[in-house]
Amino acid sequence: MSKILAITGAGAMSECMRQINPDVVPAFPITPSTQVIEDFSQFVADGKVDTEMITVESEHSAMSACIGAAAAGGRVMTATSSAGMALMWEMLHIAASMRQPVVMTLINRALSAPINIHADHSDSMGARDAGWIQLYAENNQEAYDNLIMAPKIAENMDVRLPVMVCMDGFIISHCVQTMQLEDDDKVKAFIGEFESTYPVLDTENPATWGALDLQDYYMEHKRAQHMAMKNAKDVIEKVSADFADIFGRKYELFESYRLDDAERVIIAINSVCGEIKEVIDERRENGDKVGLLKIRSFRPFPYKEIAQALAGVKVVTVLDRSESMGAYGPLFVEIRTALFDAPEKPMVYNRIFGLGGRELFMSDIHDIFEENKTYLETGKVEKMFDYLKVRGG
Amino acid sequence: MPSLQEMAKKESAFAGGHRMCAGCPVPIFTKMLTRVTDGYEIVAGNATCCLEVASSIFPYSAWKIPWIHTAFENVGASMSGVETMYRALKKKGKITKPYKFIAIGGDGGTYDIGLQSLSGAMERGHDLVYICYDNGAYMNTGVQRSSATPMGASTTTTPAGEQSYGRQGNRKDLSRIMVAHNIGYVAQASIHDPVDLSEKLKKAIELDGPAFINLLSPCIPGWKIAPDMAVEVARLGVETKYWPLYEVIDGVYQINYTPKKEVPVTEWMFLQGRFKHLSNPKYKDVVDAFQKEVERNWNWIVKQEELSELLSGQIN
């Protein structure tokens, strides 16, 4: 039966994996994603799933085994964080390019050095070009819901791409929140049976997987992959609509929070959006026309839809929880691109925050809205790019 | 064990038309994969290597069995995934036939960059036969030294020159490392002896659990030998004791072939252009050291076999 329970974000992901009951889970421990796999290992040990686990010797091997297992013809899931995903980097590209619908929980954590175990998005943003669908979540419920939807999106025959379901390390992965855990059978029915394509285990029709592809075919295969990612946008919307019909919670490619008449908007990803909403509610009480656009799907990126959603907005503050040294933040770059063809372009500027888990408090978010209020009044962006809450700035 | 003639009548896993170099002996073993034993579906995985690139140039494939390649350093892991999915689907009744899994890598992809993934796959106990075809360098990328390159060999990253005799020091002994994994079957084989090789393949495939075969496989351009010399050079590698043929079953060593007479290792080395510079008398010390290492290695294996006999019945 569906029930409300108090659970950590990581715990929610392992519960979801239990419900999905994947055929194979290859995994390697890394903070803060460990609980996902520890809890799931207990489900295996207790016979609550019939998954075969592969406790590999590295994340590179974890993703390699995911690809092998998925190509063999079944449903495959894993989880990782930070340096773990960095070690997978080569194989992330290969999973996507071999069109394997692997589903991975990514608990976002800063990359080394200096070594740091807390949340930022340098891991997933570093992998933004790996060809994976990237879904982000503000809280446990959203992460859990994204993970329920992920296999349906990944395995869609117009897509066949891997999906990473991201949440902030510790802030969400280790914090207990209440959420709706759906009924096991309902989740299973929603996801359905895995359908394989040219499985390696089909010896009657032997397939060659991972062939050498030279100048004469490589580019067609890459374009086909790009088309699949474009298709993913519609599929995410369709699966989200089906999810809403069955489970009642509605998701779009991004969330528009009090955007309708907003003049000043923050655009952000993941857990910080919770605080931003609180601040917006407070300011709205006083008649301040502020809003939030929260990214859910970063890959594929909904350029046109975002530009439409921001019509009429005067100032946009893009918060990036990772950076691209010597360039603007990755989210900012996308937002500016989305707005370039808009008939009325708002002022858009970029702030880097929260690296290595540094907190952004509600008072800090008030400060952001005060600053962009000044920008609106003067009609001028004083600082295009800056860090929030950093010493020596 | 069927005769070679009978084996040759069975369908091969590997078709002609591949693009391996003329005279390359690697297809000798790929053609055997489906011929040494009956009753199993055979699935193969490849590390990036000569065999991989020469057998799968899209849209063509030389493989008549299911075959998967993902990257260079990970065939142990990717085939762990394939083998595990087989067990998962078998458990659920979605597959009923018995399957066997083969992972193939060159020495670069096995001794060096793939060692971790190989070690993990063997330690976890997957039902997987790993075949390393050892040609003693990164031949696919143009003959760079690997940890399997023998001392003194001139490679493109250890070229012989005024100040260098080529690859410094002795090669890694991967077979012993694999024995230390306490798996059921480890063997050294050579491409020149199809009877010994096919028997070893059969044992490895039929074993329930991980098995490792290290296969001496001369490289025509890398060893700088004529295209009709691969088998002969491999044979001399065994006759000179450079490459002992032995197997280790459940920790018990068994030498499979003892050369009838002592043949100096120079008989093997100087057939190959990669050692040509060592014929200069100024490198006598290097050649002597090479010979000494070959004898030391052989004697070590002989002692292991004696020890196995001594402990027979006590360790197993």
# chains A, B, ... in the order shown; residues from 1 in each chain; ligands from 1
$ residues_around --residues "segment 247-261 of chain B" --least-positions-apart "3" --cutoff "7 Å" --atoms "only C-alpha atoms" --output "list of chain:residue names"
B:Val179, B:Asn182, B:Ile183, B:Gly184, B:Tyr185, B:Val186, B:Ala187, B:Gln188, B:Glu239, B:Gln304, B:Glu305, B:Ser308
$ interface_residues --of "chain A" --to "chain B" --cutoff "9 Å" --atoms "only C-alpha atoms" --output "ChimeraX atom specification"
/A:23-24,26,50-58,60-76,90-91,94-95,98,199-214,216-217
$ atom_distance --atom1 "atom CA of Lys48 of chain A" --atom2 "atom CA of Met167 of chain A"
25.2 Å
$ residues_around --residues "Met149 of chain A" --least-positions-apart "4" --cutoff "12 Å" --atoms "only C-alpha atoms" --output "JSON, numbers by chain"
{"A": [16, 17, 20, 103, 133, 135, 142, 143, 144, 145, 153, 154, 155, 156, 163, 164, 165, 187, 188, 189, 190, 191, 192, 235, 236, 237, 238, 239, 240, 241, 242, 243, 244, 246, 247, 249, 250, 251]}
$ select_by_dssp --residues "segment 258-345 of chain A" --states "alpha helix (DSSP H)" --output "PyMOL selection string"
chain A and resi 272-285+303-309+330-339
$ write_last_selection --atoms "N, CA and C atoms" --output "mmCIF file, in the first residue's frame"
data_model
loop_
_atom_site.group_PDB
_atom_site.id
_atom_site.type_symbol
_atom_site.label_atom_id
_atom_site.label_comp_id
_atom_site.auth_asym_id
_atom_site.auth_seq_id
_atom_site.Cartn_x
_atom_site.Cartn_y
_atom_site.Cartn_z
ATOM 1 N N VAL A 272 18.443 23.786 -3.160
ATOM 2 C CA VAL A 272 18.363 25.200 -2.806
ATOM 3 C C VAL A 272 17.004 25.785 -3.200
ATOM 4 N N CYS A 273 16.331 25.139 -4.129
ATOM 5 C CA CYS A 273 15.040 25.648 -4.601
ATOM 6 C C CYS A 273 14.001 25.660 -3.479
ATOM 7 N N GLY A 274 14.141 24.773 -2.523
ATOM 8 C CA GLY A 274 13.221 24.754 -1.379
ATOM 9 C C GLY A 274 13.283 26.060 -0.614
ATOM 10 N N GLU A 275 14.483 26.513 -0.296
ATOM 11 C CA GLU A 275 14.663 27.779 0.428
ATOM 12 C C GLU A 275 14.216 28.954 -0.432
ATOM 13 N N ILE A 276 14.529 28.876 -1.706
ATOM 14 C CA ILE A 276 14.154 29.981 -2.595
ATOM 15 C C ILE A 276 12.628 30.156 -2.601
ATOM 16 N N LYS A 277 11.912 29.041 -2.620
ATOM 17 C CA LYS A 277 10.442 29.123 -2.612
ATOM 18 C C LYS A 277 9.940 29.788 -1.328
ATOM 19 N N GLU A 278 10.553 29.423 -0.203
ATOM 20 C CA GLU A 278 10.161 30.030 1.073
ATOM 21 C C GLU A 278 10.347 31.549 1.022
ATOM 22 N N VAL A 279 11.498 31.947 0.499
ATOM 23 C CA VAL A 279 11.807 33.382 0.431
ATOM 24 C C VAL A 279 10.828 34.087 -0.514
ATOM 25 N N ILE A 280 10.531 33.439 -1.624
ATOM 26 C CA ILE A 280 9.584 34.028 -2.578
ATOM 27 C C ILE A 280 8.226 34.234 -1.903
ATOM 28 N N ASP A 281 7.788 33.224 -1.151
ATOM 29 C CA ASP A 281 6.502 33.344 -0.460
ATOM 30 C C ASP A 281 6.504 34.532 0.504
ATOM 31 N N GLU A 282 7.599 34.669 1.232
ATOM 32 C CA GLU A 282 7.709 35.802 2.168
ATOM 33 C C GLU A 282 7.632 37.130 1.427
ATOM 34 N N ARG A 283 8.371 37.233 0.336
ATOM 35 C CA ARG A 283 8.436 38.513 -0.391
ATOM 36 C C ARG A 283 7.120 38.810 -1.111
ATOM 37 N N ARG A 284 6.477 37.735 -1.562
ATOM 38 C CA ARG A 284 5.182 37.925 -2.238
ATOM 39 C C ARG A 284 4.145 38.507 -1.266
ATOM 40 N N GLU A 285 4.282 38.105 0.016
ATOM 41 C CA GLU A 285 3.395 38.671 1.045
ATOM 42 C C GLU A 285 3.457 40.193 1.030
ATOM 43 N N TYR A 303 15.168 24.641 -24.131
ATOM 44 C CA TYR A 303 15.467 26.052 -24.440
ATOM 45 C C TYR A 303 14.207 26.865 -24.723
ATOM 46 N N LYS A 304 13.434 26.373 -25.688
ATOM 47 C CA LYS A 304 12.273 27.134 -26.156
ATOM 48 C C LYS A 304 11.257 27.330 -25.038
ATOM 49 N N GLU A 305 11.007 26.258 -24.318
ATOM 50 C CA GLU A 305 10.012 26.299 -23.247
ATOM 51 C C GLU A 305 10.432 27.275 -22.151
ATOM 52 N N ILE A 306 11.723 27.304 -21.856
ATOM 53 C CA ILE A 306 12.211 28.210 -20.814
ATOM 54 C C ILE A 306 12.078 29.656 -21.280
ATOM 55 N N ALA A 307 12.436 29.901 -22.528
ATOM 56 C CA ALA A 307 12.309 31.268 -23.056
ATOM 57 C C ALA A 307 10.851 31.728 -22.948
ATOM 58 N N GLN A 308 9.921 30.833 -23.282
ATOM 59 C CA GLN A 308 8.490 31.184 -23.189
ATOM 60 C C GLN A 308 8.083 31.463 -21.745
ATOM 61 N N ALA A 309 8.577 30.617 -20.849
ATOM 62 C CA ALA A 309 8.203 30.770 -19.438
ATOM 63 C C ALA A 309 8.736 32.072 -18.852
ATOM 64 N N PRO A 330 27.620 26.543 -15.974
ATOM 65 C CA PRO A 330 26.962 25.761 -17.032
ATOM 66 C C PRO A 330 25.477 26.067 -17.196
ATOM 67 N N LEU A 331 24.770 26.321 -16.101
ATOM 68 C CA LEU A 331 23.343 26.627 -16.228
ATOM 69 C C LEU A 331 23.155 28.004 -16.871
ATOM 70 N N PHE A 332 23.993 28.960 -16.455
ATOM 71 C CA PHE A 332 23.910 30.306 -17.015
ATOM 72 C C PHE A 332 24.073 30.281 -18.533
ATOM 73 N N VAL A 333 25.039 29.516 -18.987
ATOM 74 C CA VAL A 333 25.312 29.451 -20.431
ATOM 75 C C VAL A 333 24.064 28.985 -21.180
ATOM 76 N N GLU A 334 23.383 27.994 -20.625
ATOM 77 C CA GLU A 334 22.172 27.479 -21.281
ATOM 78 C C GLU A 334 21.048 28.521 -21.264
ATOM 79 N N ILE A 335 20.913 29.191 -20.127
ATOM 80 C CA ILE A 335 19.816 30.154 -20.001
ATOM 81 C C ILE A 335 20.028 31.331 -20.959
ATOM 82 N N ARG A 336 21.259 31.809 -21.027
ATOM 83 C CA ARG A 336 21.535 32.916 -21.967
ATOM 84 C C ARG A 336 21.245 32.485 -23.406
ATOM 85 N N THR A 337 21.624 31.257 -23.720
ATOM 86 C CA THR A 337 21.353 30.739 -25.063
ATOM 87 C C THR A 337 19.844 30.686 -25.304
ATOM 88 N N ALA A 338 19.113 30.223 -24.307
ATOM 89 C CA ALA A 338 17.652 30.107 -24.443
ATOM 90 C C ALA A 338 17.021 31.474 -24.686
ATOM 91 N N LEU A 339 17.606 32.502 -24.086
ATOM 92 C CA LEU A 339 16.989 33.829 -24.142
ATOM 93 C C LEU A 339 17.467 34.676 -25.317
#
$ residues_around --residues "Asn116 of chain A" --least-positions-apart "6" --cutoff "12 Å" --atoms "only C-alpha atoms" --output "JSON, numbers by chain"
{"A": [31, 32, 81, 82, 83, 108, 109, 110, 122, 169, 170, 355, 356, 357, 358]}
$ residues_around --residues "Arg296 of chain B" --least-positions-apart "5" --cutoff "12 Å" --atoms "only C-alpha atoms" --output "mmCIF file with N, CA and C atoms, in the first residue's frame"
data_model
loop_
_atom_site.group_PDB
_atom_site.id
_atom_site.type_symbol
_atom_site.label_atom_id
_atom_site.label_comp_id
_atom_site.auth_asym_id
_atom_site.auth_seq_id
_atom_site.Cartn_x
_atom_site.Cartn_y
_atom_site.Cartn_z
ATOM 1 N N ASN B 170 63.038 -6.950 -16.467
ATOM 2 C CA ASN B 170 62.246 -8.127 -16.845
ATOM 3 C C ASN B 170 60.756 -7.840 -16.911
ATOM 4 N N LYS B 241 62.257 -22.438 -23.719
ATOM 5 C CA LYS B 241 61.723 -22.259 -22.358
ATOM 6 C C LYS B 241 61.414 -20.800 -22.027
ATOM 7 N N TYR B 242 61.443 -19.942 -23.046
ATOM 8 C CA TYR B 242 61.001 -18.563 -22.793
ATOM 9 C C TYR B 242 59.545 -18.590 -22.332
ATOM 10 N N PRO B 244 57.079 -21.289 -20.996
ATOM 11 C CA PRO B 244 56.737 -22.657 -20.580
ATOM 12 C C PRO B 244 55.242 -22.923 -20.754
ATOM 13 N N ALA B 289 71.823 -12.151 -19.310
ATOM 14 C CA ALA B 289 70.825 -11.910 -18.256
ATOM 15 C C ALA B 289 69.460 -12.446 -18.685
ATOM 16 N N PHE B 290 69.148 -12.287 -19.956
ATOM 17 C CA PHE B 290 67.882 -12.798 -20.505
ATOM 18 C C PHE B 290 67.845 -14.324 -20.347
ATOM 19 N N GLN B 291 68.930 -14.973 -20.773
ATOM 20 C CA GLN B 291 69.013 -16.433 -20.679
ATOM 21 C C GLN B 291 68.855 -16.890 -19.220
ATOM 22 N N ILE B 301 59.068 -22.863 -12.045
ATOM 23 C CA ILE B 301 57.850 -23.629 -12.375
ATOM 24 C C ILE B 301 58.070 -25.118 -12.088
ATOM 25 N N VAL B 302 59.289 -25.622 -12.427
ATOM 26 C CA VAL B 302 59.610 -27.022 -12.123
ATOM 27 C C VAL B 302 59.470 -27.272 -10.621
ATOM 28 N N LYS B 303 59.986 -26.334 -9.830
ATOM 29 C CA LYS B 303 59.900 -26.488 -8.363
ATOM 30 C C LYS B 303 58.434 -26.447 -7.901
#
$ atom_distance --atom1 "atom CA of Arg18 of chain A" --atom2 "atom CA of Leu106 of chain A"
17.0 Å
$ residues_around --residues "Ser297 of chain A" --least-positions-apart "3" --cutoff "7 Å" --atoms "only C-alpha atoms" --output "number ranges by chain"
A: 134-136, 253-254, 300-301
$ residues_around --residues "Asp196 of chain B" --least-positions-apart "5" --cutoff "9 Å" --atoms "only C-alpha atoms" --output "list in words"
Ala189, Ser190, Leu201, Leu245 and Asn256 of chain B
$ write_last_selection --atoms "C-alpha atoms" --output "PDB file, in the first residue's frame"
ATOM      1  CA  ALA B 189      49.545 -21.964 -23.983  1.00  0.00           C
ATOM      2  CA  SER B 190      51.112 -21.160 -27.317  1.00  0.00           C
ATOM      3  CA  LEU B 201      40.381 -24.066 -23.974  1.00  0.00           C
ATOM      4  CA  LEU B 245      53.527 -24.518 -21.329  1.00  0.00           C
ATOM      5  CA  ASN B 256      52.584 -29.770 -20.155  1.00  0.00           C
TER       6      ASN B 256
END
$ closest_residue --among "B:Asp107, B:Asp112, B:Glu11, B:Glu295" --to "Ser217 of chain B" --atoms "only C-alpha atoms"
B:Asp107
$ atom_distance --atom1 "atom CA of Ser14 of chain A" --atom2 "atom CA of Gln177 of chain A"
14.9 Å
$ closest_residue --among "A:Asp123, A:Asp168, A:Asp185, A:Asp39" --to "Ser324 of chain A" --atoms "only C-alpha atoms"
A:Asp123
